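Let me begin by presenting the structure, written as structure tokens, before commenting on it.
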Amino acid sequence: MNVHVDRDKCVGHGRCYALAPQVFQPDDIGNAEEIGDGTVPPELEAKARLAAANCPEMAVIITEDNITNEAGAAIA
Amino acid sequence: MTIDEHSSTRVTDWATDFDHTDPTWAANPYPIWDELRSTCPVAHSERYGGVWLPTRHQEIAEIAYDTDLFSSQSILVNNTRPLTPAPMGIAPPISSDPPFHQGARRLLLPAFTPHAVSLIEPFTRAYCEKLVEELRGQETVDAAQAYSQHIPVRVIAEMLGFPHKDADDFRRFVTHVIEHVDAPEEERFEGFMELFNYLETQINDHIEHPRDDLTSYLLAADMNGEPLDPDHVIGTIALLLLAGIDTTWSAIGASIWHLADHPEDRARLVADPALIPTAIEEFLRAYAPVTMARLVKDDMEWNGCPMKKDDWVLLPFPSANRDPEMFDDADQVVIDREVNRHAAFGLGIHRCAGSHLARMELRVALEVWLAAFPEFSLADPDSVTWSGGQVRGPRSLPLNIG
């Protein structure tokens, strides 16, 4: 799984880095960015999905590879 | 505001003649919005020179995002139109439009990041603990007047470096500027003058004695390499002083009110304080205090509505938060709700700059209250009163805590 914050949509509600601080972080003005290249280890996928589902601006984009997609669907 | 003090006539038709300061709205606006959402999703009223009222999440979001067609030059519906010219407006950045808005907001945000806010958390907690100590041993207390209203006032005074003893003045400014929108123009002008005279005194004191606080930070700040216009500094300080007070007071009060009326939720949070941050998001969704407003920039037909230049548009974020198209069980308060894209702090570029501060204050206020008073209930449900207009929350909240 890979996550990406659409910086054109993010206005800094901060829900993603509050819910998944291992995956997202605030920048100097409190807007969000993914940590590193946005690769999410399997044990953090549920948190990353929760973060995306709580963004009021729909700014968190999740890309699942086929295998994790199936696993993710099963978890969800 | 009591019915007697209310100067305009009572509302009988919410689709064509609504008034957001009507006592019925203050007491319980949710049935009004529920009805409008399904029968007239963008209502209109001739009051205040023309106001539109979208009630579904979709239209509220669309207007919040559309800064080309809708201006933030004034965000409080009243009988006059703004005197301060665009793009800055009277209290930047909340009253600013792009592109000015971006720089005015950017310079403010570093002072309100979660990290910056965490630095004031120990002060906030110590103050909340002092307040509950004063209430211990009493049978009945007013949680709005003796607890929730004091917290944001004291915290913002500390952040701005203003004298704590002036707290009562701050609340009077809030009442003038935010609640008395229906007052005659001269009275509103006097209220603004009193506020700006007070701020000028504080600013001059900071110019003479710079210190490590938000006021000195703003006085030293620059925007795109240029020092700030003095009107910009005073307008932003007015915003910081006023915007966080009755809003946060309302959010804390509404949360305590809910818990007083729902023993099972109260017991659950007392037993499991780790659930408080999740519950807070649900209280913010279900009881969002703030409705914002915009001005229509030019005559246009929008979604079939014949909008005129300088018409107001109310953005009732609390109604967006109750839209069943957006939320499962939208009318239920589910304190462990996992998926919660609520819009309590607005949507788009004007997202409340103080949202992280408000969340911290709300969390600390509830943590301290629940630890001190694990058992409490409404002393008299009929004596609970709510402010109306664009900031809604309990103003009288008598509780049995003994």
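Residue names in the structure tokens use chain letters A, B, ... in the order shown, residue numbers from 1 in each chain, and ligand numbers from 1 in the order shown.
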Chain A: which residues are strand (DSSP E or B) by DSSP, as a ChimeraX atom specification? /A:2-5,24-26,32-34,39,60-63
With chain B as the partner and 10 Å as the cut-off, tabulate the residues of chain A that qualify, each row holding the nearest pair of atoms and their distance in Å to one decimal, using only C-alpha atoms, sorted by chain and rising number, as a tab-separated table.
```
residue	atom	partner	partner_atom	distance
A:Lys9	CA	B:Gly348	CA	7.6
A:Cys10	CA	B:Gly348	CA	8.1
A:Val11	CA	B:Ile349	CA	6.1
A:Gly12	CA	B:Arg351	CA	7.6
A:His13	CA	B:Arg351	CA	7.2
A:Gly14	CA	B:His356	CA	8.0
A:Arg15	CA	B:Arg341	CA	9.0
A:Ala18	CA	B:Pro114	CA	9.3
A:Leu19	CA	B:Thr278	CA	9.7
A:Pro26	CA	B:Thr113	CA	8.1
A:Asp27	CA	B:Thr113	CA	8.8
A:Asp28	CA	B:Pro110	CA	6.1
A:Ile29	CA	B:Pro110	CA	4.8
A:Gly30	CA	B:Thr113	CA	4.9
A:Asn31	CA	B:Thr113	CA	8.7
A:Arg49	CA	B:Val339	CA	9.8
A:Leu50	CA	B:Val339	CA	6.9
A:Ala51	CA	B:Val339	CA	8.7
A:Ala52	CA	B:Val339	CA	9.2
A:Ala53	CA	B:Val339	CA	5.8
A:Asn54	CA	B:Arg341	CA	4.6
A:Cys55	CA	B:Arg341	CA	5.6
A:Pro56	CA	B:Arg341	CA	4.4
A:Glu57	CA	B:Leu347	CA	6.9
A:Met58	CA	B:Arg341	CA	8.5
```
May I have the selected residues written with N, CA and C atoms, as a short mmCIF file (atom, residue, chain, number, x, y, z; two decimals), in the first residue's frame?
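As written to disk, again31.cif reads:
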```
data_model
loop_
_atom_site.label_atom_id
_atom_site.label_comp_id
_atom_site.auth_asym_id
_atom_site.auth_seq_id
_atom_site.Cartn_x
_atom_site.Cartn_y
_atom_site.Cartn_z
N LYS A 9 -5.25 19.90 -2.05
CA LYS A 9 -6.52 19.77 -1.31
C LYS A 9 -6.31 19.92 0.19
N CYS A 10 -5.16 19.52 0.70
CA CYS A 10 -4.93 19.54 2.15
C CYS A 10 -4.92 20.98 2.66
N VAL A 11 -5.70 21.23 3.72
CA VAL A 11 -5.70 22.56 4.35
C VAL A 11 -5.33 22.47 5.83
N GLY A 12 -4.88 21.28 6.27
CA GLY A 12 -4.33 21.19 7.61
C GLY A 12 -5.30 20.84 8.72
N HIS A 13 -6.37 20.09 8.41
CA HIS A 13 -7.24 19.61 9.50
C HIS A 13 -6.43 18.71 10.46
N GLY A 14 -5.46 17.99 9.90
CA GLY A 14 -4.58 17.20 10.75
C GLY A 14 -5.15 15.88 11.24
N ARG A 15 -6.25 15.44 10.62
CA ARG A 15 -6.82 14.18 11.07
C ARG A 15 -5.90 13.00 10.74
N ALA A 18 -2.94 12.75 13.09
CA ALA A 18 -3.40 12.42 14.45
C ALA A 18 -3.74 10.93 14.54
N LEU A 19 -4.34 10.38 13.48
CA LEU A 19 -4.79 8.99 13.52
C LEU A 19 -3.71 8.00 13.11
N PRO A 26 2.91 16.46 10.09
CA PRO A 26 2.62 17.85 9.74
C PRO A 26 3.86 18.54 9.19
N ASP A 27 3.63 19.51 8.30
CA ASP A 27 4.75 20.36 7.89
C ASP A 27 4.80 21.59 8.81
N ASP A 28 5.55 22.60 8.44
CA ASP A 28 5.75 23.73 9.36
C ASP A 28 4.49 24.56 9.60
N ILE A 29 3.46 24.42 8.75
CA ILE A 29 2.21 25.16 9.00
C ILE A 29 1.07 24.22 9.39
N GLY A 30 1.37 22.95 9.62
CA GLY A 30 0.33 22.03 10.07
C GLY A 30 -0.39 21.31 8.95
N ASN A 31 -0.03 21.59 7.70
CA ASN A 31 -0.57 20.77 6.60
C ASN A 31 0.12 19.42 6.63
N ARG A 49 -5.82 3.57 6.32
CA ARG A 49 -7.18 3.64 5.76
C ARG A 49 -8.09 4.49 6.64
N LEU A 50 -7.95 4.33 7.94
CA LEU A 50 -8.76 5.13 8.87
C LEU A 50 -8.45 6.62 8.68
N ALA A 51 -7.18 6.93 8.53
CA ALA A 51 -6.77 8.32 8.33
C ALA A 51 -7.41 8.88 7.05
N ALA A 52 -7.35 8.10 5.98
CA ALA A 52 -7.92 8.56 4.71
C ALA A 52 -9.42 8.76 4.84
N ALA A 53 -10.07 7.88 5.59
CA ALA A 53 -11.53 7.94 5.72
C ALA A 53 -11.99 9.09 6.61
N ASN A 54 -11.07 9.73 7.30
CA ASN A 54 -11.43 10.83 8.18
C ASN A 54 -11.00 12.19 7.65
N CYS A 55 -10.45 12.23 6.45
CA CYS A 55 -10.02 13.52 5.91
C CYS A 55 -11.24 14.29 5.39
N PRO A 56 -11.54 15.45 5.98
CA PRO A 56 -12.71 16.21 5.52
C PRO A 56 -12.58 16.70 4.08
N GLU A 57 -11.35 16.81 3.60
CA GLU A 57 -11.11 17.35 2.26
C GLU A 57 -10.88 16.26 1.22
N MET A 58 -10.97 15.00 1.61
CA MET A 58 -10.70 13.86 0.71
C MET A 58 -9.31 14.02 0.05
#
```
Measure the distance from CA of Ile245 (chain B) to CA of Val153 (chain B) in Å and round it to one decimal. 5.7 Å
Please list as a PDB file with N, CA and C atoms, in the first residue's frame every residue within 6 Å of Glu33 (chain A), counting only C-alpha atoms and excluding residues in the same chain fewer than 3 positions away.
```pdb
ATOM      1  N   VAL A   5      -0.587  12.492   0.123  1.00  0.00           N
ATOM      2  CA  VAL A   5      -1.458  13.614   0.468  1.00  0.00           C
ATOM      3  C   VAL A   5      -1.470  14.583  -0.707  1.00  0.00           C
ATOM      4  N   PHE A  24       1.813   9.662   8.426  1.00  0.00           N
ATOM      5  CA  PHE A  24       1.699  11.059   7.999  1.00  0.00           C
ATOM      6  C   PHE A  24       2.354  11.964   9.039  1.00  0.00           C
ATOM      7  N   GLN A  25       2.783  13.153   8.577  1.00  0.00           N
ATOM      8  CA  GLN A  25       3.340  14.119   9.531  1.00  0.00           C
ATOM      9  C   GLN A  25       2.939  15.531   9.105  1.00  0.00           C
TER      10      GLN A  25
END
```
Given only C-alpha atoms as the counted atoms, nearest of B:Glu139, B:Glu208, B:Asp246, B:Glu375 to Arg392 (chain B): B:Asp246
Pick the closest to Thr21 (chain B) from B:His101, B:Arg363, B:Arg294, B:His180: which is it, counting only C-alpha atoms?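 Residue with the minimum atom-to-atom distance to Thr21 (chain B): B:His180.
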Shell around Ile335 (chain B) at 12 Å using only C-alpha atoms, local window under 5 positions removed, as a PyMOL selection string: chain B and resi 255+258-259+262+264-269+272-286+340
Could those residues be written to a file, using N, CA and C atoms, as a compact mmCIF listing (two decimals), in the first residue's frame?
```
# COMPACT_ATOMS: atom_id res chain seq x y z
N SER B 255 -20.42 19.46 24.77
CA SER B 255 -19.93 18.11 25.08
C SER B 255 -20.33 17.72 26.49
N HIS B 258 -24.03 16.99 26.60
CA HIS B 258 -24.35 15.65 26.08
C HIS B 258 -24.07 14.59 27.14
N LEU B 259 -22.91 14.70 27.78
CA LEU B 259 -22.52 13.67 28.76
C LEU B 259 -23.42 13.71 30.00
N HIS B 262 -26.44 11.77 28.89
CA HIS B 262 -26.23 10.40 28.40
C HIS B 262 -25.29 9.67 29.35
N GLU B 264 -24.64 6.66 29.90
CA GLU B 264 -23.87 5.53 29.40
C GLU B 264 -22.60 6.03 28.68
N ASP B 265 -22.70 7.14 27.95
CA ASP B 265 -21.52 7.70 27.30
C ASP B 265 -20.55 8.26 28.35
N ARG B 266 -21.11 8.93 29.35
CA ARG B 266 -20.27 9.49 30.41
C ARG B 266 -19.49 8.39 31.12
N ALA B 267 -20.19 7.32 31.50
CA ALA B 267 -19.53 6.22 32.21
C ALA B 267 -18.43 5.59 31.34
N ARG B 268 -18.70 5.51 30.05
CA ARG B 268 -17.72 4.89 29.16
C ARG B 268 -16.44 5.74 29.07
N LEU B 269 -16.60 7.06 28.99
CA LEU B 269 -15.41 7.92 28.90
C LEU B 269 -14.66 7.99 30.23
N ASP B 272 -12.75 4.83 30.27
CA ASP B 272 -11.77 4.69 29.19
C ASP B 272 -11.42 6.06 28.60
N PRO B 273 -10.61 6.84 29.33
CA PRO B 273 -10.29 8.20 28.86
C PRO B 273 -9.58 8.21 27.50
N ALA B 274 -8.98 7.07 27.11
CA ALA B 274 -8.32 7.02 25.80
C ALA B 274 -9.31 7.20 24.66
N LEU B 275 -10.59 7.01 24.96
CA LEU B 275 -11.63 7.19 23.93
C LEU B 275 -12.01 8.66 23.74
N ILE B 276 -11.54 9.52 24.66
CA ILE B 276 -11.96 10.93 24.61
C ILE B 276 -11.64 11.60 23.26
N PRO B 277 -10.44 11.43 22.70
CA PRO B 277 -10.19 12.10 21.41
C PRO B 277 -11.17 11.69 20.31
N THR B 278 -11.55 10.41 20.27
CA THR B 278 -12.53 9.96 19.27
C THR B 278 -13.91 10.55 19.57
N ALA B 279 -14.27 10.56 20.86
CA ALA B 279 -15.57 11.11 21.25
C ALA B 279 -15.64 12.60 20.92
N ILE B 280 -14.52 13.30 21.10
CA ILE B 280 -14.49 14.74 20.81
C ILE B 280 -14.83 15.00 19.34
N GLU B 281 -14.30 14.17 18.44
CA GLU B 281 -14.61 14.36 17.03
C GLU B 281 -16.10 14.20 16.77
N GLU B 282 -16.72 13.27 17.51
CA GLU B 282 -18.16 13.07 17.35
C GLU B 282 -18.96 14.23 17.95
N PHE B 283 -18.50 14.76 19.08
CA PHE B 283 -19.18 15.94 19.64
C PHE B 283 -19.02 17.13 18.68
N LEU B 284 -17.84 17.24 18.07
CA LEU B 284 -17.63 18.33 17.11
C LEU B 284 -18.53 18.16 15.90
N ARG B 285 -18.72 16.91 15.47
CA ARG B 285 -19.63 16.68 14.34
C ARG B 285 -21.07 17.02 14.74
N ALA B 286 -21.53 16.39 15.82
CA ALA B 286 -22.95 16.46 16.15
C ALA B 286 -23.36 17.82 16.69
N ASN B 340 -15.33 9.69 10.26
CA ASN B 340 -15.97 10.94 10.67
C ASN B 340 -15.33 12.12 9.94
```
DSSP alpha helix (DSSP H) residues within chain A, listed as a PyMOL selection string: chain A and resi 15-19+45-53+66-75
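Residues with any atom within 9 Å of Ala43 (chain B), counting only C-alpha atoms and excluding same-chain neighbours fewer than 2 positions away, are Trp14, Ala15, Thr16, Asp17, Phe18, Leu36, Cys40, Pro41, Ser45, Val51, Trp52, Leu53, Pro54 and Thr55 of chain B.
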Write to file, as an mmCIF file, in the first residue's frame, the residues of the selection just made, with N, CA and C atoms.
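To be explicit, this is the file written out as again-v3.cif:
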```
data_model
loop_
_atom_site.group_PDB
_atom_site.id
_atom_site.type_symbol
_atom_site.label_atom_id
_atom_site.label_comp_id
_atom_site.auth_asym_id
_atom_site.auth_seq_id
_atom_site.Cartn_x
_atom_site.Cartn_y
_atom_site.Cartn_z
ATOM 1 N N TRP B 14 -39.585 28.613 7.575
ATOM 2 C CA TRP B 14 -38.118 28.512 7.532
ATOM 3 C C TRP B 14 -37.583 28.450 6.111
ATOM 4 N N ALA B 15 -38.384 28.066 5.143
ATOM 5 C CA ALA B 15 -37.885 27.956 3.769
ATOM 6 C C ALA B 15 -37.810 29.320 3.083
ATOM 7 N N THR B 16 -38.658 30.267 3.498
ATOM 8 C CA THR B 16 -38.727 31.540 2.768
ATOM 9 C C THR B 16 -38.462 32.763 3.631
ATOM 10 N N ASP B 17 -38.389 32.575 4.965
ATOM 11 C CA ASP B 17 -38.263 33.749 5.835
ATOM 12 C C ASP B 17 -37.439 33.401 7.081
ATOM 13 N N PHE B 18 -36.402 32.570 6.914
ATOM 14 C CA PHE B 18 -35.658 32.123 8.100
ATOM 15 C C PHE B 18 -34.845 33.271 8.711
ATOM 16 N N LEU B 36 -35.443 21.213 5.909
ATOM 17 C CA LEU B 36 -34.994 21.949 4.720
ATOM 18 C C LEU B 36 -34.164 21.063 3.791
ATOM 19 N N CYS B 40 -36.160 21.821 0.760
ATOM 20 C CA CYS B 40 -35.708 23.074 0.153
ATOM 21 C C CYS B 40 -34.233 23.264 0.485
ATOM 22 N N PRO B 41 -33.348 22.517 -0.214
ATOM 23 C CA PRO B 41 -31.947 22.439 0.213
ATOM 24 C C PRO B 41 -31.182 23.759 0.167
ATOM 25 N N SER B 45 -34.123 33.975 2.489
ATOM 26 C CA SER B 45 -34.863 34.898 3.351
ATOM 27 C C SER B 45 -34.520 36.320 2.929
ATOM 28 N N VAL B 51 -30.529 36.645 2.408
ATOM 29 C CA VAL B 51 -29.651 35.565 2.887
ATOM 30 C C VAL B 51 -30.061 34.250 2.239
ATOM 31 N N TRP B 52 -29.093 33.454 1.846
ATOM 32 C CA TRP B 52 -29.320 32.088 1.361
ATOM 33 C C TRP B 52 -28.841 31.104 2.406
ATOM 34 N N LEU B 53 -29.505 29.947 2.445
ATOM 35 C CA LEU B 53 -29.169 28.944 3.458
ATOM 36 C C LEU B 53 -29.132 27.543 2.852
ATOM 37 N N PRO B 54 -27.943 27.093 2.425
ATOM 38 C CA PRO B 54 -27.824 25.689 2.020
ATOM 39 C C PRO B 54 -27.750 24.825 3.271
ATOM 40 N N THR B 55 -28.330 23.639 3.232
ATOM 41 C CA THR B 55 -28.326 22.784 4.424
ATOM 42 C C THR B 55 -27.719 21.403 4.178
#
```
Excluding Ile203 (chain B) and any residue of its chain fewer than 2 positions from it, enumerate the residues within 12 Å of it, using only C-alpha atoms, and give them as a PDB file with C-alpha atoms, in the first residue's frame.
```
ATOM      1  CA  LEU B 160      -1.541  36.950  23.174  1.00  0.00           C
ATOM      2  CA  GLY B 161       0.138  38.291  26.309  1.00  0.00           C
ATOM      3  CA  PHE B 162      -2.930  40.231  27.440  1.00  0.00           C
ATOM      4  CA  PHE B 196     -10.126  48.248  18.627  1.00  0.00           C
ATOM      5  CA  ASN B 197      -9.273  50.873  21.273  1.00  0.00           C
ATOM      6  CA  TYR B 198      -8.525  48.104  23.726  1.00  0.00           C
ATOM      7  CA  LEU B 199      -6.346  46.269  21.195  1.00  0.00           C
ATOM      8  CA  GLU B 200      -4.462  49.468  20.365  1.00  0.00           C
ATOM      9  CA  THR B 201      -3.521  49.855  24.036  1.00  0.00           C
ATOM     10  CA  ASP B 205       2.385  48.120  25.217  1.00  0.00           C
ATOM     11  CA  HIS B 206       3.907  45.300  23.155  1.00  0.00           C
ATOM     12  CA  ILE B 207       5.672  47.767  20.859  1.00  0.00           C
ATOM     13  CA  GLU B 208       7.270  49.368  23.923  1.00  0.00           C
ATOM     14  CA  HIS B 209       7.917  46.060  25.690  1.00  0.00           C
ATOM     15  CA  PRO B 210       8.281  43.228  23.158  1.00  0.00           C
ATOM     16  CA  ARG B 211       7.995  39.762  24.676  1.00  0.00           C
ATOM     17  CA  ASP B 213       3.968  35.990  22.840  1.00  0.00           C
ATOM     18  CA  LEU B 214       1.667  35.996  19.814  1.00  0.00           C
ATOM     19  CA  THR B 215       1.203  39.765  19.781  1.00  0.00           C
ATOM     20  CA  SER B 216       4.943  40.448  19.593  1.00  0.00           C
ATOM     21  CA  TYR B 217       5.237  37.638  17.022  1.00  0.00           C
ATOM     22  CA  LEU B 218       2.686  39.372  14.783  1.00  0.00           C
ATOM     23  CA  LEU B 219       4.255  42.783  15.259  1.00  0.00           C
ATOM     24  CA  ALA B 220       7.563  41.360  14.047  1.00  0.00           C
ATOM     25  CA  PRO B 230      -0.930  48.206  11.147  1.00  0.00           C
ATOM     26  CA  ASP B 231      -4.587  47.538  10.219  1.00  0.00           C
ATOM     27  CA  VAL B 233      -1.918  43.443  12.719  1.00  0.00           C
ATOM     28  CA  ILE B 234      -4.832  44.814  14.733  1.00  0.00           C
ATOM     29  CA  GLY B 235      -7.395  42.955  12.595  1.00  0.00           C
ATOM     30  CA  THR B 236      -5.606  39.641  13.004  1.00  0.00           C
ATOM     31  CA  ILE B 237      -5.275  40.150  16.762  1.00  0.00           C
ATOM     32  CA  ALA B 238      -9.004  40.947  16.938  1.00  0.00           C
TER      33      ALA B 238
END
```
For region 185-193 of chain B, please output as a PDB file with C-alpha atoms, in the first residue's frame all residues within 12 Å (counting only C-alpha atoms; exclusion window: fewer than 4 positions along the same chain).
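What ended up in result-v4.pdb:
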```pdb
ATOM      1  CA  ASN B  78     -25.816  41.446   9.905  1.00  0.00           C
ATOM      2  CA  ASN B  79     -27.737  44.424   8.602  1.00  0.00           C
ATOM      3  CA  THR B  80     -24.764  46.264   7.112  1.00  0.00           C
ATOM      4  CA  ARG B  81     -22.203  45.384   4.486  1.00  0.00           C
ATOM      5  CA  PRO B  82     -18.436  45.527   5.146  1.00  0.00           C
ATOM      6  CA  LEU B  83     -16.754  48.924   5.234  1.00  0.00           C
ATOM      7  CA  ILE B  90     -11.488  43.653   8.843  1.00  0.00           C
ATOM      8  CA  ALA B  91      -9.904  40.578  10.452  1.00  0.00           C
ATOM      9  CA  ASP B 169     -13.963  42.587  28.680  1.00  0.00           C
ATOM     10  CA  PHE B 170     -13.128  39.913  26.102  1.00  0.00           C
ATOM     11  CA  ARG B 171     -16.471  38.245  26.614  1.00  0.00           C
ATOM     12  CA  ARG B 172     -18.231  41.591  26.229  1.00  0.00           C
ATOM     13  CA  PHE B 173     -16.412  42.163  22.921  1.00  0.00           C
ATOM     14  CA  VAL B 174     -17.557  38.732  21.759  1.00  0.00           C
ATOM     15  CA  THR B 175     -21.146  39.516  22.684  1.00  0.00           C
ATOM     16  CA  HIS B 176     -21.007  42.827  20.802  1.00  0.00           C
ATOM     17  CA  VAL B 177     -19.330  41.599  17.665  1.00  0.00           C
ATOM     18  CA  ILE B 178     -20.572  38.041  17.235  1.00  0.00           C
ATOM     19  CA  GLU B 179     -23.883  37.748  19.062  1.00  0.00           C
ATOM     20  CA  HIS B 180     -25.524  41.169  18.720  1.00  0.00           C
ATOM     21  CA  VAL B 181     -25.641  41.097  14.935  1.00  0.00           C
ATOM     22  CA  ASN B 197      -9.273  50.873  21.273  1.00  0.00           C
ATOM     23  CA  TYR B 198      -8.525  48.104  23.726  1.00  0.00           C
ATOM     24  CA  LEU B 199      -6.346  46.269  21.195  1.00  0.00           C
ATOM     25  CA  GLU B 200      -4.462  49.468  20.365  1.00  0.00           C
ATOM     26  CA  ILE B 234      -4.832  44.814  14.733  1.00  0.00           C
ATOM     27  CA  GLY B 235      -7.395  42.955  12.595  1.00  0.00           C
ATOM     28  CA  ALA B 238      -9.004  40.947  16.938  1.00  0.00           C
ATOM     29  CA  LEU B 242     -12.566  36.737  19.459  1.00  0.00           C
TER      30      LEU B 242
END
```
Calculated over only C-alpha atoms, which of the candidates A:Gln22, A:Asp6, A:Gly36, A:Glu43 has the smallest distance to Val60 (chain A)?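 The closest residue to Val60 (chain A) is A:Asp6.
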Select, from B:Pro374, B:Pro184, B:Gly137, B:Pro316, the residue with the minimum atom-to-atom distance to Ala64 (chain B), counting only C-alpha atoms. B:Pro316
For a test of reading the model, state the distance in Å between CA of Asp22 (chain B) and CA of Leu295 (chain B), rounded to one decimal.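 Between CA of Asp22 (chain B) and CA of Leu295 (chain B) the gap is 21.0 Å.
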Which one is closest to Ala48 (chain A): A:Val23, A:Asp8, A:Asp65, A:Ile35? Count only C-alpha atoms. A:Val23
Computed gap from CA of Pro263 (chain B) to CA of Asp380 (chain B) is 15.4 Å
Considering only C-alpha atoms, can you say which of B:Tyr147, B:Tyr287, B:Val296, B:Arg359 comes closest to Gln332 (chain B)?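 Using only C-alpha atoms, the shortest distance to Gln332 (chain B) belongs to B:Tyr287.
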